[in-house]
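Below is the file target_22.cif, which contains mmCIF, C-alpha atoms.
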```cif
data_entry
loop_
_atom_site.label_atom_id
_atom_site.label_comp_id
_atom_site.auth_asym_id
_atom_site.auth_seq_id
_atom_site.Cartn_x
_atom_site.Cartn_y
_atom_site.Cartn_z
CA SER A 180 -0.80 -10.72 -17.50
CA PRO A 181 -1.08 -10.51 -13.75
CA MET A 182 -1.76 -13.60 -11.66
CA VAL A 183 -1.56 -13.00 -7.93
CA THR A 184 -2.36 -9.34 -7.35
CA GLY A 185 -2.47 -6.77 -4.60
CA THR A 186 -5.09 -4.05 -4.47
CA SER A 187 -4.85 -0.37 -3.51
CA VAL A 188 -1.95 1.35 -1.79
CA LEU A 189 -2.57 4.72 -0.12
CA GLY A 190 -0.07 7.50 0.50
CA LEU A 191 -0.37 10.75 2.43
CA LYS A 192 2.02 13.53 3.41
CA PHE A 193 1.73 14.92 6.92
CA CYS A 194 3.48 17.48 9.08
CA GLY A 195 6.84 15.80 9.64
CA GLY A 196 6.85 13.07 7.00
CA VAL A 197 4.90 10.71 4.77
CA MET A 198 2.95 7.53 5.35
CA LEU A 199 1.82 4.59 3.22
CA ALA A 200 -0.87 2.02 3.90
CA ALA A 201 -1.82 -1.22 2.16
CA ASP A 202 -3.76 -4.35 3.02
CA THR A 203 -2.01 -7.71 3.30
CA VAL A 204 -3.84 -9.88 0.82
CA GLY A 205 -2.71 -11.44 -2.47
CA SER A 206 -5.72 -12.18 -4.67
CA TYR A 207 -5.79 -14.90 -7.30
CA GLY A 208 -8.54 -13.47 -9.45
CA SER A 209 -11.46 -13.17 -7.11
CA LEU A 210 -10.03 -15.61 -4.56
CA ALA A 211 -8.35 -14.08 -1.51
CA ARG A 212 -5.63 -16.64 -1.74
CA PHE A 213 -2.70 -15.40 0.34
CA ARG A 214 -3.75 -13.47 3.38
CA GLY A 215 -0.46 -12.56 5.02
CA ILE A 216 1.56 -10.82 2.32
CA SER A 217 3.41 -7.59 2.98
CA ARG A 218 3.11 -5.12 0.10
CA LEU A 219 5.11 -2.38 1.80
CA LEU A 220 8.88 -2.52 1.43
CA LYS A 221 11.43 -0.58 3.41
CA VAL A 222 14.13 0.30 0.90
CA ASN A 223 16.49 2.22 3.19
CA ASP A 224 16.24 4.46 6.23
CA SER A 225 14.69 7.26 4.24
CA THR A 226 12.34 5.48 1.85
CA VAL A 227 9.44 3.04 1.67
CA LEU A 228 7.78 1.57 -1.35
CA GLY A 229 4.27 0.18 -1.66
CA ALA A 230 3.18 -1.92 -4.61
CA SER A 231 -0.12 -3.02 -6.08
CA GLY A 232 -0.57 -5.25 -9.09
CA ASP A 233 1.23 -8.50 -9.80
CA LEU A 234 3.04 -9.74 -6.71
CA ALA A 235 5.52 -11.94 -8.56
CA ASP A 236 6.71 -8.81 -10.39
CA PHE A 237 6.83 -7.01 -7.03
CA GLN A 238 9.06 -9.78 -5.66
CA HIS A 239 11.32 -9.33 -8.68
CA LEU A 240 11.46 -5.56 -8.03
CA ARG A 241 12.20 -6.21 -4.40
CA GLN A 242 15.17 -8.40 -5.32
CA LEU A 243 16.50 -5.71 -7.69
CA LEU A 244 16.10 -3.00 -5.04
CA GLU A 245 17.65 -5.04 -2.26
CA GLN A 246 20.66 -5.76 -4.44
CA MET A 247 20.96 -2.06 -5.33
CA VAL A 248 20.86 -1.05 -1.68
CA ILE A 249 23.51 -3.63 -0.79
CA ASP A 250 25.77 -2.49 -3.62
CA GLU A 251 25.37 1.05 -2.42
CA GLU A 252 26.23 0.22 1.16
CA LEU A 253 29.33 -1.57 -0.07
CA LEU A 254 30.50 1.71 -1.60
CA GLY A 255 30.62 2.99 1.96
CA ASP A 256 30.53 6.64 1.07
CA GLY A 257 27.75 7.52 3.48
CA HIS A 258 25.28 8.28 0.71
CA SER A 259 22.04 6.40 0.22
CA TYR A 260 19.46 6.61 -2.52
CA SER A 261 17.03 9.46 -2.03
CA PRO A 262 13.31 8.78 -2.52
CA ARG A 263 13.36 11.06 -5.55
CA ALA A 264 16.27 9.14 -7.08
CA LEU A 265 14.49 5.84 -6.54
CA HIS A 266 11.33 7.24 -8.05
CA SER A 267 13.24 8.35 -11.10
CA TRP A 268 15.01 4.99 -11.42
CA LEU A 269 11.77 3.07 -11.08
CA THR A 270 10.11 5.23 -13.71
CA ARG A 271 12.87 4.39 -16.17
CA VAL A 272 12.72 0.68 -15.40
CA LEU A 273 8.94 0.47 -15.75
CA TYR A 274 8.83 2.63 -18.86
CA ASN A 275 11.53 0.63 -20.61
CA ARG A 276 9.80 -2.65 -19.80
CA ARG A 277 6.53 -1.34 -21.21
CA SER A 278 8.36 -0.17 -24.31
CA LYS A 279 9.50 -3.76 -24.86
CA ILE A 280 5.87 -4.85 -24.52
CA ASN A 281 6.80 -6.84 -21.40
CA PRO A 282 5.66 -4.66 -18.50
CA LEU A 283 6.15 -5.19 -14.82
CA TRP A 284 2.48 -5.22 -13.94
CA ASN A 285 2.69 -2.96 -10.89
CA THR A 286 1.60 0.44 -9.71
CA VAL A 287 4.04 1.70 -7.12
CA LEU A 288 4.01 4.46 -4.52
CA ILE A 289 7.31 5.74 -3.19
CA ALA A 290 7.37 7.67 0.07
CA GLY A 291 10.33 9.15 1.90
CA VAL A 292 11.99 11.96 3.78
CA TYR A 293 15.35 13.20 2.57
CA GLY A 294 17.21 16.37 3.40
CA GLY A 295 14.35 17.60 5.51
CA GLU A 296 11.91 17.36 2.60
CA SER A 297 9.16 14.79 2.35
CA PHE A 298 8.47 13.06 -0.96
CA LEU A 299 5.51 11.08 -2.26
CA GLY A 300 5.58 9.75 -5.82
CA TYR A 301 3.62 7.43 -8.08
CA VAL A 302 4.79 5.22 -10.96
CA ASP A 303 2.63 2.79 -12.86
CA MET A 304 3.27 -0.05 -15.29
CA LEU A 305 3.19 2.33 -18.26
CA GLY A 306 5.89 4.50 -16.77
CA VAL A 307 3.47 7.32 -15.93
CA ALA A 308 4.99 9.15 -12.97
CA TYR A 309 4.01 12.08 -10.82
CA GLU A 310 4.15 13.47 -7.30
CA ALA A 311 1.38 14.78 -5.10
CA PRO A 312 0.65 15.33 -1.41
CA SER A 313 -1.83 12.46 -1.49
CA LEU A 314 -1.86 9.38 -3.73
CA ALA A 315 -3.72 6.13 -4.16
CA THR A 316 -3.52 3.21 -6.56
CA GLY A 317 -6.19 0.91 -7.89
CA PHE A 318 -9.63 1.28 -6.38
CA GLY A 319 -8.17 3.76 -3.94
CA ALA A 320 -7.81 6.27 -6.75
CA TYR A 321 -11.60 6.40 -7.05
CA LEU A 322 -12.65 6.02 -3.44
CA ALA A 323 -9.82 7.19 -1.22
CA GLN A 324 -8.18 9.99 -3.21
CA PRO A 325 -11.24 12.32 -2.95
CA LEU A 326 -11.29 11.82 0.82
CA LEU A 327 -7.57 12.45 1.09
CA ARG A 328 -7.70 15.54 -1.11
CA ALA A 329 -10.66 17.02 0.76
CA ALA A 330 -8.81 16.69 4.04
CA LEU A 331 -5.68 18.24 2.58
CA GLU A 332 -7.66 21.14 1.15
CA ARG A 333 -9.25 21.89 4.49
CA ASP A 334 -5.81 21.89 6.06
CA GLN A 335 -4.34 23.97 3.27
CA GLU A 336 -6.81 26.76 4.03
CA ARG A 337 -5.21 26.93 7.44
CA ASP A 338 -1.81 26.62 5.80
CA ARG A 339 -0.77 23.35 7.35
CA LEU A 340 -0.44 19.65 6.67
CA PRO A 341 -2.30 17.12 8.81
CA THR A 342 -0.59 15.97 11.99
CA ARG A 343 0.69 12.43 12.24
CA GLU A 344 -2.32 11.25 14.23
CA GLU A 345 -4.79 12.94 11.88
CA ALA A 346 -3.06 11.41 8.87
CA ARG A 347 -3.06 7.97 10.48
CA GLU A 348 -6.76 8.22 11.25
CA LEU A 349 -7.54 9.44 7.78
CA LEU A 350 -5.69 6.56 6.16
CA GLU A 351 -7.53 4.11 8.39
CA ARG A 352 -10.85 5.66 7.42
CA CYS A 353 -9.95 5.33 3.76
CA LEU A 354 -8.90 1.71 4.21
CA ARG A 355 -12.24 1.05 5.88
CA VAL A 356 -14.12 2.57 2.95
CA LEU A 357 -12.05 0.44 0.61
CA TYR A 358 -12.82 -2.64 2.67
CA TYR A 359 -16.53 -1.87 2.40
CA ARG A 360 -16.47 -1.23 -1.32
CA ASP A 361 -13.48 -3.01 -2.91
CA ALA A 362 -14.32 -6.66 -3.49
CA ARG A 363 -10.63 -7.57 -3.64
CA SER A 364 -9.67 -6.04 -0.32
CA PHE A 365 -9.21 -7.45 3.15
CA ASN A 366 -9.43 -6.14 6.67
CA ARG A 367 -5.80 -6.82 7.64
CA TYR A 368 -3.39 -4.04 6.78
CA GLU A 369 0.02 -2.48 7.37
CA VAL A 370 1.16 1.12 7.68
CA ALA A 371 4.61 2.54 7.04
CA VAL A 372 5.53 5.95 8.48
CA VAL A 373 8.64 7.80 7.32
CA THR A 374 9.99 10.77 9.22
CA GLU A 375 13.35 12.45 9.68
CA LYS A 376 14.11 9.78 12.26
CA GLY A 377 13.59 6.90 9.87
CA VAL A 378 11.07 4.27 8.84
CA GLU A 379 8.50 2.63 11.11
CA LEU A 380 6.49 -0.32 9.83
CA GLU A 381 3.31 -1.02 11.79
CA GLY A 382 1.27 -4.10 11.29
CA PRO A 383 -0.39 -6.36 10.51
CA LEU A 384 -3.36 -4.62 12.09
CA THR A 385 -7.04 -5.45 11.75
CA LEU A 386 -9.76 -3.06 10.65
CA GLU A 387 -12.99 -2.84 12.57
CA ALA A 388 -15.98 -2.59 10.28
CA ASN A 389 -19.27 -0.97 11.17
CA TRP A 390 -22.29 -2.86 9.93
CA ASP A 391 -24.96 -0.94 11.86
CA VAL A 392 -26.43 0.33 8.65
CA ALA A 393 -27.58 -3.24 7.98
CA HIS A 394 -30.19 -2.90 10.70
CA VAL A 395 -31.57 0.31 9.26
CA VAL A 396 -32.16 -1.10 5.80
CA GLU B 225 -11.95 -33.24 -29.23
CA TRP B 226 -9.73 -34.73 -26.60
CA THR B 227 -6.65 -35.40 -28.72
CA ALA B 228 -6.33 -31.66 -29.30
CA GLU B 229 -6.41 -30.77 -25.59
CA PRO B 230 -3.07 -30.43 -23.77
CA VAL B 231 -2.39 -33.01 -21.11
CA SER B 232 -3.03 -31.42 -17.76
CA THR B 233 -2.74 -32.46 -14.19
CA GLY B 234 -6.06 -30.77 -13.28
CA THR B 235 -5.48 -31.58 -9.72
CA THR B 236 -5.66 -31.23 -6.03
CA ILE B 237 -2.30 -31.01 -4.31
CA MET B 238 -1.50 -30.20 -0.71
CA ALA B 239 1.38 -29.91 1.71
CA VAL B 240 1.42 -29.33 5.47
CA GLU B 241 4.35 -28.60 7.74
CA PHE B 242 4.76 -30.19 11.16
CA ASP B 243 7.50 -30.19 13.74
CA GLY B 244 10.05 -32.53 12.21
CA GLY B 245 8.96 -32.66 8.59
CA VAL B 246 6.17 -32.28 6.08
CA VAL B 247 3.21 -34.29 4.84
CA ILE B 248 2.39 -33.96 1.15
CA GLY B 249 -0.50 -35.36 -0.82
CA ALA B 250 -2.04 -35.36 -4.27
CA ASP B 251 -4.75 -37.04 -6.31
CA SER B 252 -3.84 -39.27 -9.25
CA ARG B 253 -5.85 -38.11 -12.25
CA THR B 254 -4.35 -36.71 -15.48
CA THR B 255 -6.82 -35.43 -18.06
CA THR B 256 -6.77 -34.51 -21.72
CA GLY B 257 -9.96 -32.52 -21.88
CA ALA B 258 -12.59 -34.76 -20.33
CA TYR B 259 -10.77 -38.08 -20.96
CA ILE B 260 -8.68 -39.44 -18.10
CA ALA B 261 -5.34 -40.21 -19.67
CA ASN B 262 -3.80 -41.65 -16.52
CA ARG B 263 -5.81 -42.62 -13.46
CA VAL B 264 -2.85 -43.62 -11.31
CA THR B 265 -0.50 -40.66 -11.86
CA ASP B 266 2.19 -39.84 -9.34
CA LYS B 267 2.20 -36.08 -8.91
CA LEU B 268 4.55 -36.14 -5.96
CA THR B 269 7.90 -35.84 -7.66
CA PRO B 270 11.20 -36.05 -5.82
CA VAL B 271 13.76 -33.39 -6.74
CA HIS B 272 16.15 -34.57 -4.07
CA ASP B 273 16.32 -37.14 -1.26
CA ARG B 274 14.28 -35.11 1.19
CA ILE B 275 12.70 -32.54 -1.13
CA PHE B 276 9.57 -33.16 -3.17
CA CYS B 277 7.38 -31.08 -5.41
CA CYS B 278 3.65 -31.38 -5.96
CA ARG B 279 2.75 -30.58 -9.56
CA SER B 280 -0.41 -28.95 -10.91
CA GLY B 281 -1.12 -27.35 -14.28
CA SER B 282 0.31 -28.66 -17.52
CA ALA B 283 1.83 -32.13 -17.10
CA ALA B 284 4.50 -31.42 -19.70
CA ASP B 285 5.51 -28.06 -18.26
CA THR B 286 5.73 -29.27 -14.68
CA GLN B 287 7.65 -32.42 -15.56
CA ALA B 288 10.14 -30.39 -17.61
CA VAL B 289 10.69 -27.81 -14.89
CA ALA B 290 10.95 -30.48 -12.19
CA ASP B 291 13.54 -32.41 -14.18
CA ALA B 292 15.58 -29.23 -14.68
CA VAL B 293 15.41 -28.34 -10.99
CA ALA B 294 16.34 -31.88 -9.94
CA TYR B 295 19.43 -31.64 -12.10
CA GLN B 296 20.38 -28.22 -10.74
CA LEU B 297 19.86 -29.38 -7.17
CA ALA B 298 21.94 -32.51 -7.62
CA PHE B 299 24.79 -30.41 -8.99
CA HIS B 300 24.43 -27.83 -6.24
CA SER B 301 24.36 -30.52 -3.57
CA VAL B 302 27.62 -32.01 -4.81
CA GLU B 303 29.26 -28.58 -4.77
CA LEU B 304 27.91 -27.85 -1.30
CA GLU B 305 28.82 -31.29 0.06
CA GLU B 306 25.64 -31.32 2.11
CA PRO B 307 21.92 -31.80 1.48
CA PRO B 308 20.40 -28.75 -0.24
CA ARG B 309 17.96 -26.49 1.56
CA VAL B 310 14.28 -26.70 0.73
CA ARG B 311 14.36 -22.95 0.23
CA THR B 312 17.01 -23.38 -2.48
CA ALA B 313 14.84 -25.87 -4.33
CA ALA B 314 11.86 -23.55 -4.06
CA ARG B 315 13.93 -20.62 -5.31
CA LEU B 316 15.10 -22.66 -8.32
CA PHE B 317 11.49 -23.48 -9.18
CA GLN B 318 10.56 -19.85 -8.80
CA GLN B 319 13.32 -18.69 -11.12
CA SER B 320 12.10 -20.94 -13.95
CA CYS B 321 8.43 -20.28 -13.30
CA TYR B 322 8.87 -16.51 -13.15
CA ARG B 323 11.17 -16.18 -16.15
CA TYR B 324 8.92 -18.24 -18.39
CA ARG B 325 5.66 -17.21 -16.79
CA GLU B 326 4.00 -16.36 -20.11
CA GLU B 327 4.82 -19.73 -21.64
CA LEU B 328 4.32 -22.01 -18.66
CA SER B 329 1.21 -23.23 -16.94
CA ALA B 330 2.57 -24.53 -13.67
CA GLY B 331 1.40 -24.30 -10.09
CA ILE B 332 3.92 -26.01 -7.85
CA ILE B 333 4.23 -26.72 -4.15
CA VAL B 334 7.78 -27.45 -2.94
CA ALA B 335 8.01 -29.26 0.38
CA GLY B 336 10.67 -31.16 2.23
CA TRP B 337 13.01 -31.42 5.15
CA ASP B 338 16.52 -30.04 5.57
CA PRO B 339 18.85 -30.06 8.57
CA ARG B 340 18.84 -26.25 8.89
CA ARG B 341 15.17 -25.41 9.13
CA GLY B 342 13.37 -28.72 9.44
CA GLY B 343 10.11 -29.18 7.57
CA GLN B 344 9.15 -26.39 5.19
CA VAL B 345 6.42 -25.77 2.61
CA TYR B 346 6.82 -23.24 -0.19
CA MET B 347 4.18 -22.22 -2.70
CA VAL B 348 5.09 -21.25 -6.28
CA PRO B 349 1.76 -20.45 -7.95
CA MET B 350 1.29 -19.43 -11.57
CA GLY B 351 3.06 -16.16 -12.20
CA GLY B 352 6.17 -17.16 -10.28
CA LEU B 353 5.57 -15.79 -6.80
CA LEU B 354 7.48 -17.50 -3.95
CA LEU B 355 5.86 -17.78 -0.54
CA ARG B 356 6.57 -19.87 2.51
CA GLN B 357 3.43 -21.10 4.26
CA PRO B 358 2.54 -23.47 7.12
CA PHE B 359 0.33 -25.32 4.67
CA ALA B 360 -0.44 -24.92 0.98
CA VAL B 361 -3.00 -26.22 -1.50
CA GLY B 362 -3.07 -25.98 -5.25
CA GLY B 363 -4.69 -27.22 -8.41
CA SER B 364 -8.23 -26.95 -9.69
CA GLY B 365 -9.65 -29.00 -6.83
CA SER B 366 -8.22 -26.68 -4.21
CA SER B 367 -10.98 -24.12 -4.79
CA TYR B 368 -13.55 -26.48 -3.30
CA ILE B 369 -11.79 -27.00 -0.02
CA TYR B 370 -10.70 -23.51 1.05
CA GLY B 371 -13.65 -23.36 3.42
CA PHE B 372 -12.85 -26.73 4.94
CA LEU B 373 -9.19 -25.76 5.34
CA ASP B 374 -9.95 -22.42 6.97
CA ALA B 375 -12.27 -24.10 9.43
CA THR B 376 -10.14 -27.12 10.27
CA PHE B 377 -6.48 -26.13 10.10
CA GLN B 378 -4.68 -25.59 13.35
CA PRO B 379 -1.00 -24.81 13.69
CA GLY B 380 1.10 -27.29 15.67
CA MET B 381 -0.49 -30.53 14.47
CA SER B 382 1.38 -33.78 14.84
CA ARG B 383 2.48 -35.95 11.94
CA SER B 384 -0.51 -38.27 12.09
CA GLN B 385 -2.91 -35.37 12.51
CA CYS B 386 -1.40 -33.77 9.41
CA GLN B 387 -1.78 -36.99 7.44
CA GLU B 388 -5.41 -37.25 8.43
CA PHE B 389 -5.98 -33.56 7.63
CA VAL B 390 -4.45 -33.93 4.16
CA ALA B 391 -6.32 -37.15 3.40
CA ARG B 392 -9.69 -35.69 4.40
CA ALA B 393 -9.12 -32.47 2.46
CA LEU B 394 -8.02 -34.27 -0.70
CA ALA B 395 -10.91 -36.72 -0.52
CA LEU B 396 -13.41 -33.86 -0.33
CA ALA B 397 -11.81 -32.04 -3.24
CA MET B 398 -11.66 -35.17 -5.39
CA MET B 399 -15.33 -35.76 -4.77
CA ARG B 400 -16.32 -32.38 -6.16
CA ASP B 401 -13.69 -31.65 -8.79
CA GLY B 402 -14.05 -33.52 -12.07
CA SER B 403 -10.39 -32.99 -12.84
CA SER B 404 -9.26 -34.66 -9.62
CA GLY B 405 -9.76 -38.26 -8.63
CA GLY B 406 -8.30 -41.73 -8.52
CA VAL B 407 -6.25 -42.56 -5.46
CA ILE B 408 -4.71 -40.34 -2.80
CA ARG B 409 -0.94 -40.50 -2.75
CA LEU B 410 0.59 -39.36 0.52
CA ALA B 411 4.18 -38.93 1.55
CA ALA B 412 5.71 -37.98 4.87
CA ILE B 413 9.19 -36.47 4.65
CA THR B 414 11.33 -36.35 7.79
CA GLU B 415 14.94 -36.62 8.81
CA GLU B 416 14.64 -40.41 8.70
CA GLY B 417 13.45 -40.46 5.12
CA VAL B 418 10.37 -40.54 2.95
CA GLU B 419 7.39 -42.75 3.72
CA ARG B 420 4.88 -43.13 0.90
CA THR B 421 1.34 -44.41 1.21
CA VAL B 422 -1.56 -44.84 -1.16
CA LEU B 423 -5.20 -44.50 -0.12
CA ALA B 424 -7.57 -46.08 -2.58
CA GLY B 425 -11.26 -46.75 -2.94
CA SER B 426 -12.56 -47.84 0.41
CA ASP B 427 -9.58 -46.39 2.28
CA LEU B 428 -10.66 -42.89 1.31
CA PRO B 429 -12.12 -40.91 4.23
#
```

Kindly return the structure encoded in the file as structure tokens.
Amino acid sequence: SPMVTGTSVLGLKFCGGVMLAADTVGSYGSLARFRGISRLLKVNDSTVLGASGDLADFQHLRQLLEQMVIDEELLGDGHSYSPRALHSWLTRVLYNRRSKINPLWNTVLIAGVYGGESFLGYVDMLGVAYEAPSLATGFGAYLAQPLLRAALERDQERDRLPTREEARELLERCLRVLYYRDARSFNRYEVAVVTEKGVELEGPLTLEANWDVAHVV
Amino acid sequence: EWTAEPVSTGTTIMAVEFDGGVVIGADSRTTTGAYIANRVTDKLTPVHDRIFCCRSGSAADTQAVADAVAYQLAFHSVELEEPPRVRTAARLFQQSCYRYREELSAGIIVAGWDPRRGGQVYMVPMGGLLLRQPFAVGGSGSSYIYGFLDATFQPGMSRSQCQEFVARALALAMMRDGSSGGVIRLAAITEEGVERTVLAGSDLP
């Protein structure tokens, strides 16, 4: 059973790459106990991972991944794990743990750019895995995913993906909605952007909230 | 009734880092249900010369884990031929607390001084997460003082300011939490050593 948990992680593909966003709080039940935790992990120069759910299990995953990446670098053959390979590996790990009735209580988004192609995948604690141009975990699945999909559909009609700036703004808007409506969220967040050039981690940034509606009511 | 309840250190524990060391503090009440089994408990347990842990949760679980970690650290320190790092101690706690997370009920704060990084505070809450923080609180009584801590804490406090901060926070928590009480045990850990004090009755802020 989860103890210290992280809430939603959002993911969105854009023209040129993928980006992930997550807030920086670790909740102990309803208490916002740890307010400076990073839930986005840079795995290698082509991939980032964002986790929600139990943060102790996330730390365990992080240790496993870091060791894997080190072992791979030691091989020195110039190859690094692709986002798709990591997604596949993670699916196996999480599914096998659930099959032993001892799950890693996490829902994970994997984002990356490899071989010119951008990748965005989802794996949860049951081992359910899929890819999509926009993804969200936790509360985000209910609140943010519709917003993300609507934006993508509008762009699809014009046969394009959002630009980097549009995607960034959209993610921020979704995080704001989640801050308004998710009781376990917080207004400090981080964003990770992956492009051909590599991984950029921005943050921690603070969300501005608009409370004007309070005066109308 | 109370004989059936497990013995717990329903508690308030706290640790604050300052330049040159750490200040740690705890209350002194151990309960079995509503009966106070020990009113003068020492929850500040040394695991090495300059590394302490503050224990909250099940008394049995935390004592067992602390004993195991103390043993591992002593061994490690002999192999290393130098005082162990606080981070190592915290990592050892985390490994036990994470592996046996379903069986254990232990919320632990590891704090101490080492020559490499000076004073450090690490939090290992239930579940087995490991986090370094400038200050940490734990135990049932901690819920009541989050507001006070958020309002009063400032980074860069001196040793005496930290001691006063910890004493005030613990006193407030003990007042409101039925599972915390007794005396306040404080300890200041620096390069020079460990200085322990007890604040009782009228000494309480």

Adding 5 Å on each side of the box along x, y and z that holds all listed atoms of segment 277-295 of chain A, could you give its centre and edge lengths in Å to one decimal, as JSON?
```
{"center_x": 9.4, "center_y": 5.4, "center_z": -9.7, "size_x": 25.6, "size_y": 34.4, "size_z": 40.4}
```

With only C-alpha atoms counted and 7 Å as the cut-off, give the residues of chain A in contact with chain B, each with its shortest interatomic distance in Å and the pair that gives it, as a Markdown table.
```
| residue | atom | partner | partner_atom | distance |
| --- | --- | --- | --- | --- |
| A:Met182 | CA | B:Gly351 | CA | 5.5 |
| A:Leu234 | CA | B:Leu353 | CA | 6.6 |
| A:Ala235 | CA | B:Leu353 | CA | 4.2 |
```

If you apply the PyMOL selection byres ((chain B and resi 328) around 10) to this file, what residues do you get, as a PyMOL selection string?
-> chain B and resi 281-282+284-286+289+320-327+329-331+350-352

Within 9 Å of segment 353-368 of chain A using all atoms listed in the file, minus same-chain residues under 4 positions, as a ChimeraX atom specification | /A:185-187,189,200-206,208-211,214-215,217,318-319,322-324,326-327,348-349,381-388

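Minimum distance to Tyr274 of chain A across A:Met304, A:Val372, A:Val392, A:Leu199 (counting only C-alpha atoms) occurs at A:Met304.
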
Å distance separating atom CA of Leu304 of chain B from atom CA of Val271 of chain B, one decimal place = 16.1 Å
